[in-house]
file structure24.cif (mmCIF, C-alpha atoms and all ligand atoms)
data_model
#
loop_
_atom_site.label_atom_id
_atom_site.label_comp_id
_atom_site.auth_asym_id
_atom_site.auth_seq_id
_atom_site.Cartn_x
_atom_site.Cartn_y
_atom_site.Cartn_z
CA MET A 1 100.36 -51.30 24.28
CA ALA A 2 101.68 -49.47 21.20
CA ILE A 3 99.64 -46.57 19.90
CA TYR A 4 99.55 -46.46 16.12
CA ASP A 5 99.28 -43.22 14.22
CA ALA A 6 96.42 -44.76 12.23
CA ILE A 7 94.41 -47.94 11.79
CA VAL A 8 92.84 -48.73 8.42
CA ILE A 9 89.80 -51.02 8.45
CA GLY A 10 89.66 -52.80 5.08
CA VAL A 11 92.78 -53.45 2.98
CA GLY A 12 91.07 -53.48 -0.42
CA GLY A 13 91.19 -51.01 -3.30
CA MET A 14 91.00 -47.93 -1.09
CA GLY A 15 92.42 -49.13 2.22
CA SER A 16 95.60 -50.53 0.66
CA ALA A 17 96.33 -47.15 -0.96
CA ALA A 18 95.54 -45.26 2.26
CA LEU A 19 97.92 -47.51 4.12
CA TYR A 20 100.72 -46.95 1.63
CA GLN A 21 100.22 -43.19 1.42
CA MET A 22 100.28 -42.87 5.21
CA ALA A 23 103.33 -45.12 5.53
CA ARG A 24 105.06 -42.96 2.91
CA ARG A 25 104.58 -39.99 5.18
CA GLY A 26 106.32 -41.78 8.03
CA MET A 27 103.13 -42.68 9.89
CA ASN A 28 103.06 -45.84 11.99
CA VAL A 29 100.06 -47.65 10.50
CA ILE A 30 98.22 -50.95 10.70
CA GLY A 31 95.71 -52.35 8.20
CA LEU A 32 93.13 -54.98 9.14
CA ASP A 33 91.16 -57.05 6.68
CA ARG A 34 88.45 -59.59 7.37
CA TYR A 35 89.65 -61.79 4.47
CA ASP A 36 92.87 -62.53 2.60
CA ILE A 37 94.93 -59.81 0.94
CA PRO A 38 93.88 -59.55 -1.81
CA ASN A 39 90.54 -61.39 -1.70
CA ASP A 40 87.63 -62.10 -4.02
CA MET A 41 84.87 -61.35 -1.50
CA GLY A 42 84.53 -57.59 -1.92
CA SER A 43 84.59 -55.18 -4.86
CA SER A 44 88.11 -55.25 -6.31
CA HIS A 45 88.65 -58.74 -7.78
CA GLY A 46 88.21 -60.04 -11.33
CA ILE A 47 91.59 -58.98 -12.81
CA SER A 48 90.85 -55.49 -14.15
CA ARG A 49 89.09 -52.14 -13.67
CA ILE A 50 88.60 -49.45 -16.29
CA ILE A 51 90.33 -46.09 -15.91
CA ARG A 52 89.23 -43.16 -18.06
CA LEU A 53 89.23 -39.36 -18.20
CA THR A 54 85.89 -39.34 -20.03
CA TYR A 55 83.76 -38.88 -16.94
CA HIS A 56 80.12 -38.73 -17.92
CA GLU A 57 79.17 -39.17 -14.25
CA ASN A 58 80.36 -35.58 -13.58
CA PRO A 59 83.18 -33.54 -15.14
CA SER A 60 84.42 -32.48 -11.73
CA TYR A 61 86.01 -35.92 -11.26
CA VAL A 62 88.60 -35.13 -13.94
CA PRO A 63 91.18 -33.29 -11.75
CA LEU A 64 91.11 -36.22 -9.32
CA LEU A 65 91.56 -38.59 -12.24
CA ARG A 66 94.61 -36.74 -13.47
CA ARG A 67 96.18 -37.09 -10.04
CA SER A 68 95.13 -40.77 -9.95
CA TYR A 69 96.95 -41.48 -13.22
CA GLU A 70 100.06 -39.79 -11.81
CA LEU A 71 99.97 -41.79 -8.58
CA TRP A 72 99.29 -45.11 -10.38
CA ARG A 73 102.35 -44.47 -12.55
CA GLN A 74 104.40 -43.72 -9.41
CA LEU A 75 103.18 -46.98 -7.86
CA GLU A 76 104.19 -48.85 -11.01
CA ASN A 77 107.71 -47.44 -10.61
CA THR A 78 107.84 -48.38 -6.95
CA ALA A 79 106.57 -51.89 -7.64
CA ASP A 80 108.56 -52.25 -10.86
CA GLU A 81 105.44 -53.78 -12.40
CA ARG A 82 102.95 -52.75 -15.04
CA LEU A 83 99.62 -51.98 -13.38
CA LEU A 84 97.90 -49.70 -15.92
CA ILE A 85 97.37 -50.95 -19.46
CA SER A 86 96.48 -48.23 -21.98
CA THR A 87 94.06 -49.27 -24.71
CA GLY A 88 92.05 -46.10 -25.37
CA ILE A 89 88.33 -46.06 -24.56
CA VAL A 90 85.19 -46.03 -26.69
CA ASN A 91 82.27 -44.28 -24.95
CA ALA A 92 79.37 -45.28 -27.17
CA GLY A 93 75.63 -44.82 -27.37
CA LYS A 94 72.89 -42.92 -29.12
CA GLU A 95 73.68 -39.25 -29.66
CA THR A 96 71.41 -38.31 -26.73
CA SER A 97 72.84 -40.89 -24.30
CA SER A 98 74.44 -39.64 -21.11
CA VAL A 99 77.56 -41.73 -21.78
CA PHE A 100 78.15 -39.92 -25.08
CA GLN A 101 77.06 -36.44 -24.02
CA GLY A 102 78.68 -36.61 -20.58
CA SER A 103 81.96 -37.97 -21.93
CA LYS A 104 82.12 -35.11 -24.42
CA GLU A 105 81.30 -32.56 -21.74
CA SER A 106 84.01 -33.80 -19.37
CA CYS A 107 86.60 -33.58 -22.17
CA GLU A 108 85.46 -30.11 -23.22
CA THR A 109 85.42 -28.80 -19.66
CA HIS A 110 88.92 -30.01 -18.87
CA ASN A 111 90.65 -29.75 -22.25
CA VAL A 112 91.04 -33.49 -22.64
CA PRO A 113 91.73 -34.38 -26.29
CA TYR A 114 89.08 -36.66 -27.82
CA GLU A 115 87.57 -37.77 -31.11
CA VAL A 116 83.90 -38.15 -31.99
CA MET A 117 83.32 -41.18 -34.20
CA SER A 118 80.22 -42.72 -35.73
CA GLY A 119 79.39 -46.34 -34.89
CA PRO A 120 80.55 -47.55 -38.34
CA GLU A 121 83.82 -45.59 -37.96
CA VAL A 122 84.46 -47.36 -34.63
CA ASN A 123 83.71 -50.72 -36.30
CA GLU A 124 86.14 -50.04 -39.07
CA ARG A 125 88.99 -48.90 -36.83
CA PHE A 126 88.38 -51.51 -34.12
CA PRO A 127 86.74 -54.49 -35.86
CA GLY A 128 85.90 -56.27 -32.60
CA TYR A 129 82.98 -53.83 -32.41
CA GLN A 130 79.77 -53.92 -34.43
CA LEU A 131 78.03 -50.79 -33.21
CA PRO A 132 74.77 -49.68 -34.87
CA GLU A 133 74.67 -47.26 -37.84
CA ASP A 134 72.99 -44.55 -35.80
CA SER A 135 75.31 -44.75 -32.80
CA VAL A 136 78.15 -42.38 -31.93
CA ALA A 137 81.19 -42.59 -29.68
CA VAL A 138 83.72 -40.45 -27.90
CA TYR A 139 87.13 -42.07 -28.32
CA GLN A 140 89.75 -41.01 -25.79
CA ALA A 141 93.29 -42.32 -26.00
CA ASP A 142 94.13 -42.29 -22.26
CA GLY A 143 91.49 -44.88 -21.39
CA GLY A 144 92.59 -48.32 -20.31
CA PHE A 145 92.49 -50.63 -17.35
CA LEU A 146 94.19 -51.24 -14.03
CA LEU A 147 95.16 -54.71 -12.84
CA SER A 148 93.13 -54.29 -9.70
CA GLU A 149 94.36 -57.13 -7.50
CA ARG A 150 97.95 -56.38 -8.51
CA CYS A 151 97.39 -52.72 -7.53
CA ILE A 152 96.34 -53.85 -4.04
CA VAL A 153 99.36 -56.14 -3.80
CA ALA A 154 101.66 -53.30 -4.94
CA ASN A 155 100.22 -50.88 -2.36
CA VAL A 156 100.48 -53.43 0.43
CA ASN A 157 104.02 -54.47 -0.49
CA ALA A 158 105.10 -50.82 -0.61
CA ALA A 159 103.44 -50.13 2.75
CA LEU A 160 105.05 -53.22 4.34
CA GLU A 161 108.41 -52.15 3.01
CA LEU A 162 107.96 -48.86 4.87
CA GLY A 163 107.16 -50.60 8.13
CA ALA A 164 103.36 -50.82 8.03
CA GLU A 165 101.67 -53.76 9.74
CA VAL A 166 98.98 -55.64 7.82
CA HIS A 167 96.76 -58.37 9.23
CA GLY A 168 94.56 -60.47 6.96
CA ARG A 169 91.74 -62.67 8.27
CA GLU A 170 91.28 -60.34 11.23
CA PRO A 171 87.94 -58.52 11.01
CA ALA A 172 87.45 -55.37 13.01
CA ILE A 173 84.50 -56.20 15.26
CA PHE A 174 83.92 -52.63 16.34
CA TRP A 175 85.65 -49.35 17.00
CA ARG A 176 85.09 -46.66 19.58
CA PRO A 177 86.50 -43.21 20.29
CA THR A 178 89.03 -42.93 23.14
CA ARG A 179 90.92 -40.04 24.72
CA ALA A 180 93.93 -40.84 22.57
CA GLY A 181 91.88 -41.31 19.38
CA VAL A 182 90.24 -44.67 18.68
CA ARG A 183 90.28 -48.29 19.79
CA VAL A 184 89.51 -51.11 17.33
CA GLU A 185 88.62 -54.55 18.64
CA THR A 186 89.23 -57.82 16.80
CA HIS A 187 89.06 -61.43 17.95
CA ARG A 188 92.84 -61.32 18.36
CA SER A 189 93.50 -58.03 20.11
CA ASP A 190 92.56 -54.42 20.80
CA TYR A 191 94.40 -51.75 18.81
CA ASP A 192 94.76 -48.09 19.80
CA ALA A 193 95.51 -45.30 17.38
CA ARG A 194 95.30 -41.56 17.01
CA LYS A 195 93.36 -41.86 13.74
CA LEU A 196 91.05 -44.32 12.02
CA VAL A 197 90.31 -44.77 8.32
CA ILE A 198 87.17 -46.77 7.49
CA ALA A 199 87.53 -48.33 4.02
CA ALA A 200 85.40 -51.44 4.51
CA GLY A 201 83.76 -51.48 1.05
CA ALA A 202 80.47 -53.39 1.05
CA TRP A 203 80.70 -53.76 4.85
CA SER A 204 80.95 -49.99 5.46
CA GLY A 205 77.45 -49.83 6.96
CA GLU A 206 78.41 -52.53 9.44
CA MET A 207 81.47 -50.61 10.55
CA GLU A 208 79.70 -47.26 10.91
CA SER A 209 75.94 -47.03 11.35
CA ILE A 210 75.57 -43.62 9.69
CA LEU A 211 76.67 -45.31 6.45
CA LYS A 212 74.06 -48.05 6.58
CA PRO A 213 71.29 -46.21 4.69
CA ILE A 214 73.65 -44.48 2.24
CA ALA A 215 76.19 -47.18 1.25
CA ILE A 216 74.09 -50.04 -0.06
CA PRO A 217 75.66 -53.25 -1.39
CA GLU A 218 74.46 -54.52 -4.78
CA ARG A 219 75.27 -57.88 -6.42
CA GLN A 220 77.14 -57.73 -9.76
CA VAL A 221 78.29 -60.37 -12.27
CA LEU A 222 81.25 -60.29 -14.67
CA GLY A 223 81.51 -62.59 -17.68
CA TRP A 224 84.39 -63.78 -19.86
CA PHE A 225 83.54 -65.18 -23.32
CA GLN A 226 85.76 -66.87 -25.89
CA PRO A 227 86.02 -64.75 -29.04
CA SER A 228 85.75 -66.51 -32.41
CA ARG A 229 88.39 -64.02 -33.67
CA PRO A 230 90.73 -63.69 -30.65
CA GLU A 231 93.12 -61.41 -32.56
CA LEU A 232 90.42 -58.68 -32.60
CA TYR A 233 90.16 -58.65 -28.80
CA ARG A 234 93.79 -58.08 -27.87
CA PRO A 235 94.62 -54.92 -25.87
CA ASP A 236 96.36 -53.37 -28.89
CA ARG A 237 93.25 -53.78 -31.11
CA PHE A 238 90.29 -53.48 -28.79
CA PRO A 239 89.87 -50.38 -26.59
CA VAL A 240 87.90 -50.78 -23.36
CA PHE A 241 84.35 -49.47 -23.62
CA SER A 242 81.53 -47.88 -21.74
CA ALA A 243 78.34 -48.18 -23.79
CA GLU A 244 74.74 -47.19 -23.21
CA PHE A 245 72.04 -48.67 -25.44
CA GLU A 246 68.45 -49.79 -24.90
CA GLU A 247 69.68 -52.83 -22.91
CA GLY A 248 71.34 -50.55 -20.36
CA ARG A 249 74.87 -49.38 -19.58
CA TYR A 250 77.66 -51.94 -20.12
CA TYR A 251 81.46 -51.92 -19.92
CA GLY A 252 84.04 -54.28 -21.35
CA TYR A 253 87.67 -55.16 -21.89
CA PRO A 254 90.00 -56.92 -24.30
CA SER A 255 91.27 -60.38 -23.26
CA TYR A 256 93.89 -60.01 -20.54
CA GLY A 257 95.15 -62.00 -17.56
CA ILE A 258 92.65 -64.83 -17.87
CA PRO A 259 91.22 -66.07 -21.17
CA GLY A 260 88.40 -64.24 -22.84
CA PHE A 261 86.71 -60.94 -23.68
CA LYS A 262 85.34 -59.47 -20.43
CA ILE A 263 82.00 -57.72 -19.96
CA GLY A 264 79.76 -56.40 -17.18
CA LYS A 265 76.52 -54.46 -16.88
CA TYR A 266 76.20 -51.55 -14.46
CA ASN A 267 73.73 -52.43 -11.70
CA HIS A 268 73.37 -55.90 -13.27
CA LEU A 269 69.95 -57.15 -12.01
CA ARG A 270 69.56 -54.36 -9.42
CA GLN A 271 69.77 -56.79 -6.48
CA GLN A 272 70.43 -55.11 -3.14
CA VAL A 273 72.19 -57.62 -0.90
CA SER A 274 74.01 -58.21 2.33
CA PRO A 275 77.65 -59.05 1.56
CA ASP A 276 77.52 -61.90 4.10
CA SER A 277 74.51 -63.67 2.63
CA MET A 278 74.77 -62.69 -1.06
CA ASP A 279 74.41 -65.42 -3.69
CA ARG A 280 78.00 -65.70 -4.89
CA ASP A 281 77.24 -68.15 -7.68
CA ALA A 282 76.43 -66.96 -11.20
CA HIS A 283 73.39 -68.43 -12.98
CA PRO A 284 72.06 -68.70 -16.55
CA GLU A 285 69.97 -65.53 -16.07
CA ASP A 286 73.14 -63.63 -15.11
CA GLU A 287 74.95 -64.98 -18.14
CA MET A 288 72.11 -64.00 -20.50
CA VAL A 289 72.31 -60.34 -19.41
CA LEU A 290 75.93 -60.28 -20.58
CA ARG A 291 75.70 -62.61 -23.54
CA GLY A 292 72.73 -60.82 -25.14
CA PHE A 293 74.60 -57.51 -25.29
CA THR A 294 77.83 -59.13 -26.48
CA ARG A 295 76.02 -60.99 -29.25
CA ARG A 296 74.46 -57.78 -30.52
CA TYR A 297 77.35 -55.28 -30.31
CA MET A 298 80.51 -57.47 -30.29
CA PRO A 299 79.30 -60.70 -31.94
CA LEU A 300 82.79 -61.98 -32.71
CA ALA A 301 83.40 -62.11 -28.95
CA ALA A 302 80.24 -64.05 -28.08
CA GLY A 303 81.68 -67.57 -28.06
CA PRO A 304 81.52 -70.11 -25.24
CA THR A 305 81.53 -68.89 -21.67
CA LEU A 306 84.92 -69.16 -20.01
CA ALA A 307 84.22 -67.64 -16.60
CA LEU A 308 81.54 -65.86 -14.58
CA LYS A 309 82.27 -64.12 -11.28
CA THR A 310 80.11 -62.24 -8.79
CA CYS A 311 81.27 -59.01 -7.19
CA ILE A 312 79.71 -56.15 -5.17
CA PHE A 313 78.97 -52.47 -5.80
CA THR A 314 78.33 -50.25 -2.78
CA ASN A 315 75.95 -47.56 -3.95
CA THR A 316 75.12 -44.15 -2.52
CA PRO A 317 71.78 -42.52 -3.40
CA ASP A 318 73.43 -40.13 -5.92
CA GLU A 319 76.17 -42.60 -6.96
CA HIS A 320 78.94 -40.20 -5.92
CA PHE A 321 81.53 -41.32 -3.37
CA ILE A 322 81.72 -40.62 0.35
CA LEU A 323 85.10 -39.07 1.22
CA ASP A 324 84.94 -37.16 4.46
CA VAL A 325 85.78 -36.96 8.13
CA HIS A 326 83.21 -38.44 10.48
CA PRO A 327 80.70 -35.77 11.57
CA GLY A 328 80.99 -36.74 15.24
CA TYR A 329 84.64 -37.80 15.46
CA PRO A 330 87.24 -35.78 13.57
CA GLN A 331 89.84 -38.49 14.23
CA VAL A 332 87.87 -40.86 11.96
CA SER A 333 87.75 -40.56 8.17
CA ILE A 334 85.66 -42.48 5.70
CA ALA A 335 86.21 -43.74 2.14
CA ALA A 336 83.00 -45.52 1.13
CA GLY A 337 80.10 -45.75 -1.30
CA PHE A 338 82.12 -46.00 -4.50
CA SER A 339 79.00 -46.92 -6.46
CA GLY A 340 80.68 -49.17 -9.02
CA HIS A 341 83.16 -46.62 -10.36
CA GLY A 342 85.71 -46.12 -7.61
CA PHE A 343 88.70 -48.33 -8.29
CA LYS A 344 90.40 -46.01 -10.78
CA PHE A 345 90.48 -43.34 -8.01
CA GLY A 346 92.08 -45.67 -5.46
CA SER A 347 95.49 -44.03 -5.69
CA VAL A 348 94.20 -40.50 -5.13
CA VAL A 349 91.73 -41.69 -2.48
CA GLY A 350 94.77 -43.06 -0.62
CA GLU A 351 96.34 -39.61 -0.79
CA ILE A 352 93.10 -37.94 0.37
CA MET A 353 92.74 -40.34 3.30
CA ALA A 354 96.37 -39.67 4.29
CA ASP A 355 95.68 -35.89 4.12
CA LEU A 356 92.53 -36.24 6.24
CA ALA A 357 94.31 -38.43 8.81
CA GLN A 358 97.32 -36.14 8.97
CA GLU A 359 95.83 -32.67 8.55
CA GLY A 360 92.06 -33.10 8.87
CA ASP A 361 91.83 -31.51 5.42
CA THR A 362 93.03 -31.92 1.83
CA ARG A 363 93.85 -29.75 -1.17
CA HIS A 364 91.55 -31.94 -3.28
CA ASP A 365 88.01 -30.66 -3.76
CA LEU A 366 85.68 -32.95 -1.80
CA SER A 367 82.50 -30.91 -2.23
CA LEU A 368 80.82 -33.67 -4.30
CA PHE A 369 81.68 -36.29 -1.69
CA ARG A 370 80.71 -34.82 1.69
CA LEU A 371 78.50 -36.81 4.04
CA ASN A 372 76.20 -33.93 4.87
CA ARG A 373 74.59 -34.08 1.42
CA PHE A 374 72.68 -37.09 2.77
CA ASP A 375 71.51 -35.49 6.04
CA ALA A 376 67.86 -35.86 4.96
CA VAL A 377 68.35 -39.57 4.11
CA LYS A 378 70.18 -40.35 7.35
CA SER A 379 67.51 -38.78 9.55
CA GLN A 380 64.66 -40.78 7.96
C1 LIG B 401 81.93 -55.95 -11.16
C2 LIG B 401 82.56 -54.65 -10.84
C3 LIG B 401 83.11 -53.88 -11.85
C4 LIG B 401 83.67 -52.64 -11.57
N1 LIG B 401 84.26 -51.93 -12.57
C5 LIG B 401 84.94 -50.79 -12.27
C6 LIG B 401 85.70 -50.14 -13.26
O1 LIG B 401 85.78 -50.59 -14.39
N2 LIG B 401 86.37 -49.03 -12.91
C7 LIG B 401 86.35 -48.53 -11.64
O2 LIG B 401 86.99 -47.50 -11.40
N3 LIG B 401 85.65 -49.13 -10.68
C8 LIG B 401 84.94 -50.26 -10.95
N4 LIG B 401 84.27 -50.92 -9.99
C9 LIG B 401 84.19 -50.34 -8.66
C10 LIG B 401 85.44 -50.58 -7.85
O3 LIG B 401 85.93 -51.87 -8.07
C11 LIG B 401 85.13 -50.32 -6.39
O4 LIG B 401 84.64 -48.99 -6.27
C12 LIG B 401 86.36 -50.48 -5.53
O5 LIG B 401 86.92 -51.75 -5.72
C13 LIG B 401 85.97 -50.29 -4.07
O6 LIG B 401 87.11 -50.47 -3.26
P1 LIG B 401 86.91 -50.61 -1.69
O7 LIG B 401 88.26 -50.50 -1.08
O8 LIG B 401 85.83 -49.68 -1.24
O9 LIG B 401 86.32 -52.09 -1.49
P2 LIG B 401 87.12 -53.48 -1.42
O10 LIG B 401 88.25 -53.49 -2.37
O11 LIG B 401 86.11 -54.54 -1.46
O12 LIG B 401 87.79 -53.41 0.01
C14 LIG B 401 87.06 -53.44 1.21
C15 LIG B 401 87.82 -54.37 2.13
O13 LIG B 401 87.31 -54.22 3.44
C16 LIG B 401 87.39 -55.46 4.06
N5 LIG B 401 86.55 -55.42 5.26
C17 LIG B 401 85.21 -55.28 5.29
N6 LIG B 401 84.77 -55.27 6.57
C18 LIG B 401 85.87 -55.38 7.35
C19 LIG B 401 86.08 -55.44 8.75
N7 LIG B 401 85.06 -55.38 9.63
N8 LIG B 401 87.33 -55.58 9.22
C20 LIG B 401 88.38 -55.65 8.38
N9 LIG B 401 88.23 -55.61 7.02
C21 LIG B 401 87.01 -55.47 6.52
C22 LIG B 401 86.96 -56.43 2.98
O14 LIG B 401 87.36 -57.75 3.26
C23 LIG B 401 87.63 -55.85 1.76
O15 LIG B 401 88.90 -56.44 1.52
C24 LIG B 401 83.68 -52.15 -10.24
C25 LIG B 401 83.14 -52.93 -9.21
C26 LIG B 401 82.60 -54.19 -9.51
C27 LIG B 401 82.03 -55.01 -8.39
#

call {"tool": "encode", "arguments": {"input": "structure24.cif", "output": "structure tokens"}}
result
Amino acid sequence: MAIYDAIVIGVGGMGSAALYQMARRGMNVIGLDRYDIPNDMGSSHGISRIIRLTYHENPSYVPLLRRSYELWRQLENTADERLLISTGIVNAGKETSSVFQGSKESCETHNVPYEVMSGPEVNERFPGYQLPEDSVAVYQADGGFLLSERCIVANVNAALELGAEVHGREPAIFWRPTRAGVRVETHRSDYDARKLVIAAGAWSGEMESILKPIAIPERQVLGWFQPSRPELYRPDRFPVFSAEFEEGRYYGYPSYGIPGFKIGKYNHLRQQVSPDSMDRDAHPEDEMVLRGFTRRYMPLAAGPTLALKTCIFTNTPDEHFILDVHPGYPQVSIAAGFSGHGFKFGSVVGEIMADLAQEGDTRHDLSLFRLNRFDAVKSQ
């Protein structure tokens, strides 16, 4: 039986990039996914994902983001397809909000150019918005969105072109360490490899038990509404946004790909779920969460509902990612727990996973993402 250099479990946002980056380095790789490639069962579907340098979550993400932008642009060239649409981003809230303060701090720390605008200034420049008088925003021109399913397709096509094997509808049932590295079992076959990358998204805890208490799936809902003034919600007139007001933290997009202005709320109704039994329908209470905010802050977008889709976050206790080698098995590396903000990093996560599989280490700073920060949680 052939021994692969690496097996990737999960060919979604992260796994597809890991596969491509390893194939680029001449590694003999195979990717397994439990569903189709791409699919709408995990965390990466629904047309688009925001990318931004304004990183209120922690300024130390910015160097990774710069590399992500570079690698997404490279992938666009390889695929000969536009994957990243620049619109600028409005990071809005009250002056004391963490979205506003944190966005400013990340720009200051890393010399990212930005503008501070009042709510009314945002409304005047981008009339799709009607932000309150006393709100403020950090506007940053590099913000925009990635066409997430197309990014997965581009990574997989590029990996296939370089000789990678990819199997959809073939779930990994379990993996175990072997003398050569690892063995992964599926209903079709056993696969041996020197290295394993676990990138199973919401199923990470099922693939590796140490992740179960620290990578927790959460149900999300995205909504698309028909604007009454569609011309105000085109990508050239409506920057993506991240906004924090009394209703919570929301994000949104101009119309693109499918009809309608798109909006979501971080941590939607705070429903922890199992990805296999989650309610995948959207209901009137889901719609109201999105419609209420749209009506108040972007009323010209709050027309009839065009689409609602469910999706899954996989949250860690501190909402930072898990990017590390397995504590017991150095031949296994993990990309998990992206806590609702990971897609934009997919390209650099692919590079990091390739580094870890090839060298056991990476030049990227992973100190925020190490598994051992959760040692207390895991031993409970
Ligand atoms: C509604 C919503 C909005 C978001 N907005 C943003 C945003 O604007 N910007 C941003 O950067 N991020 C955003 N995110 C987060 C981002 O989309 C995720 O962090 C990212 O998609 C995670 O990628 P992943 O590879 O971990 O998961 P996925 O892309 O879901 O991939 C995991 C794959 O593993 C497969 N799999 C699972 N178990 C097995 C198994 N046993 N065997 C084989 N395959 C398996 C699954 O089928 C799946 O294809 C959002 C997420 C959601 C849900």

call {"tool": "closest_residue", "arguments": {"input": "structure24.cif", "among": "A:Ile312, A:Ile214, A:Leu71, A:Ala307", "to": "Arg373 of chain A", "atoms": "all atoms listed in the file"}}
result
A:Ile214

call {"tool": "residues_near_ligand", "arguments": {"input": "structure24.cif", "ligand": "ligand LIG 401 (chain B)", "cutoff": "7 Å", "atoms": "all atoms listed in the file", "output": "MDAnalysis selection string"}}
result
chainID A and resid 9:15 32:35 37:39 41:44 49:51 170:173 199:204 207 220:222 264 310:313 335:345

call {"tool": "residues_around", "arguments": {"input": "structure24.cif", "residues": "segment 106-115 of chain A", "least_positions_apart": "3", "cutoff": "9 Å", "atoms": "only C-alpha atoms", "output": "MDAnalysis selection string"}}
result
chainID A and resid 53:63 101:103 137:141

call {"tool": "write_last_selection", "arguments": {"input": "structure24.cif", "atoms": "C-alpha atoms", "output": "short mmCIF file (atom, residue, chain, number, x, y, z; two decimals), in the coordinates of the input"}}
result
data_model
loop_
_atom_site.label_atom_id
_atom_site.label_comp_id
_atom_site.auth_asym_id
_atom_site.auth_seq_id
_atom_site.Cartn_x
_atom_site.Cartn_y
_atom_site.Cartn_z
CA LEU A 53 89.23 -39.36 -18.20
CA THR A 54 85.89 -39.34 -20.03
CA TYR A 55 83.76 -38.88 -16.94
CA HIS A 56 80.12 -38.73 -17.92
CA GLU A 57 79.17 -39.17 -14.25
CA ASN A 58 80.36 -35.58 -13.58
CA PRO A 59 83.18 -33.54 -15.14
CA SER A 60 84.42 -32.48 -11.73
CA TYR A 61 86.01 -35.92 -11.26
CA VAL A 62 88.60 -35.13 -13.94
CA PRO A 63 91.18 -33.29 -11.75
CA GLN A 101 77.06 -36.44 -24.02
CA GLY A 102 78.68 -36.61 -20.58
CA SER A 103 81.96 -37.97 -21.93
CA ALA A 137 81.19 -42.59 -29.68
CA VAL A 138 83.72 -40.45 -27.90
CA TYR A 139 87.13 -42.07 -28.32
CA GLN A 140 89.75 -41.01 -25.79
CA ALA A 141 93.29 -42.32 -26.00
#

call {"tool": "closest_atom_pairs", "arguments": {"input": "structure24.cif", "of": "segment 286-339 of chain A", "to": "segment 230-251 of chain A", "cutoff": "9 Å", "atoms": "only C-alpha atoms", "output": "CSV"}}
result
residue,atom,partner,partner_atom,distance
A:Val289,CA,A:Glu247,CA,8.7
A:Leu290,CA,A:Tyr250,CA,8.5
A:Gly292,CA,A:Glu247,CA,8.8
A:Phe293,CA,A:Glu247,CA,7.2
A:Leu300,CA,A:Leu232,CA,8.3
A:Ala301,CA,A:Tyr233,CA,7.6

call {"tool": "atom_distance", "arguments": {"input": "structure24.cif", "atom1": "atom CA of Gly328 of chain A", "atom2": "atom CA of Ser367 of chain A"}}
result
18.5 Å

call {"tool": "residues_around", "arguments": {"input": "structure24.cif", "residues": "segment 80-83 of chain A", "least_positions_apart": "5", "cutoff": "8 Å", "atoms": "all atoms listed in the file", "output": "VMD selection string"}}
result
chain A and resid 72 146 to 148 150 to 151

call {"tool": "residues_around", "arguments": {"input": "structure24.cif", "residues": "Gly223 of chain A", "least_positions_apart": "6", "cutoff": "6 Å", "atoms": "only C-alpha atoms", "output": "JSON, numbers by chain"}}
result
{"A": [262, 263, 307, 308]}

call {"tool": "residues_around", "arguments": {"input": "structure24.cif", "residues": "segment 175-177 of chain A", "least_positions_apart": "5", "cutoff": "8 Å", "atoms": "only C-alpha atoms", "output": "list in words"}}
result
Val182, Arg183, Val184, Glu185, Met207 and Tyr329 of chain A

call {"tool": "closest_residue", "arguments": {"input": "structure24.cif", "among": "A:Tyr297, A:Leu160, A:Thr314, A:Glu124", "to": "Gln272 of chain A", "atoms": "only C-alpha atoms"}}
result
A:Thr314

call {"tool": "closest_residue", "arguments": {"input": "structure24.cif", "among": "A:Asp324, A:Asp318, A:Glu70, A:Asp40", "to": "Ile198 of chain A", "atoms": "only C-alpha atoms"}}
result
A:Asp324

call {"tool": "atom_distance", "arguments": {"input": "structure24.cif", "atom1": "atom CA of Ser16 of chain A", "atom2": "atom CA of Arg52 of chain A"}}
result
21.1 Å

call {"tool": "atom_distance", "arguments": {"input": "structure24.cif", "atom1": "atom CA of His268 of chain A", "atom2": "atom CA of Gly252 of chain A"}}
result
13.5 Å

call {"tool": "closest_residue", "arguments": {"input": "structure24.cif", "among": "A:Ala18, A:Ala302, A:Ser118, A:Ile30", "to": "Asp192 of chain A", "atoms": "all atoms listed in the file"}}
result
A:Ile30

call {"tool": "residues_near_point", "arguments": {"input": "structure24.cif", "point": "(108.2, -48.6, 9.2)", "cutoff": "10 Å", "atoms": "all atoms listed in the file", "output": "NGL selection string"}}
result
:A and (23-24 or 26-29 or 159-165)

call {"tool": "closest_residue", "arguments": {"input": "structure24.cif", "among": "A:Gly360, A:Pro227, A:Pro330, A:Gly88", "to": "Thr294 of chain A", "atoms": "only C-alpha atoms"}}
result
A:Pro227

call {"tool": "closest_residue", "arguments": {"input": "structure24.cif", "among": "A:Arg219, A:Ser135, A:Ser68, A:Leu75", "to": "Asn91 of chain A", "atoms": "all atoms listed in the file"}}
result
A:Ser135

call {"tool": "axis_aligned_box", "arguments": {"input": "structure24.cif", "around": "segment 231-237 of chain A", "padding_each_side": "3 Å", "output": "JSON"}}
result
{"center_x": 93.3, "center_y": -57.4, "center_z": -29.2, "size_x": 12.2, "size_y": 14.0, "size_z": 12.7}
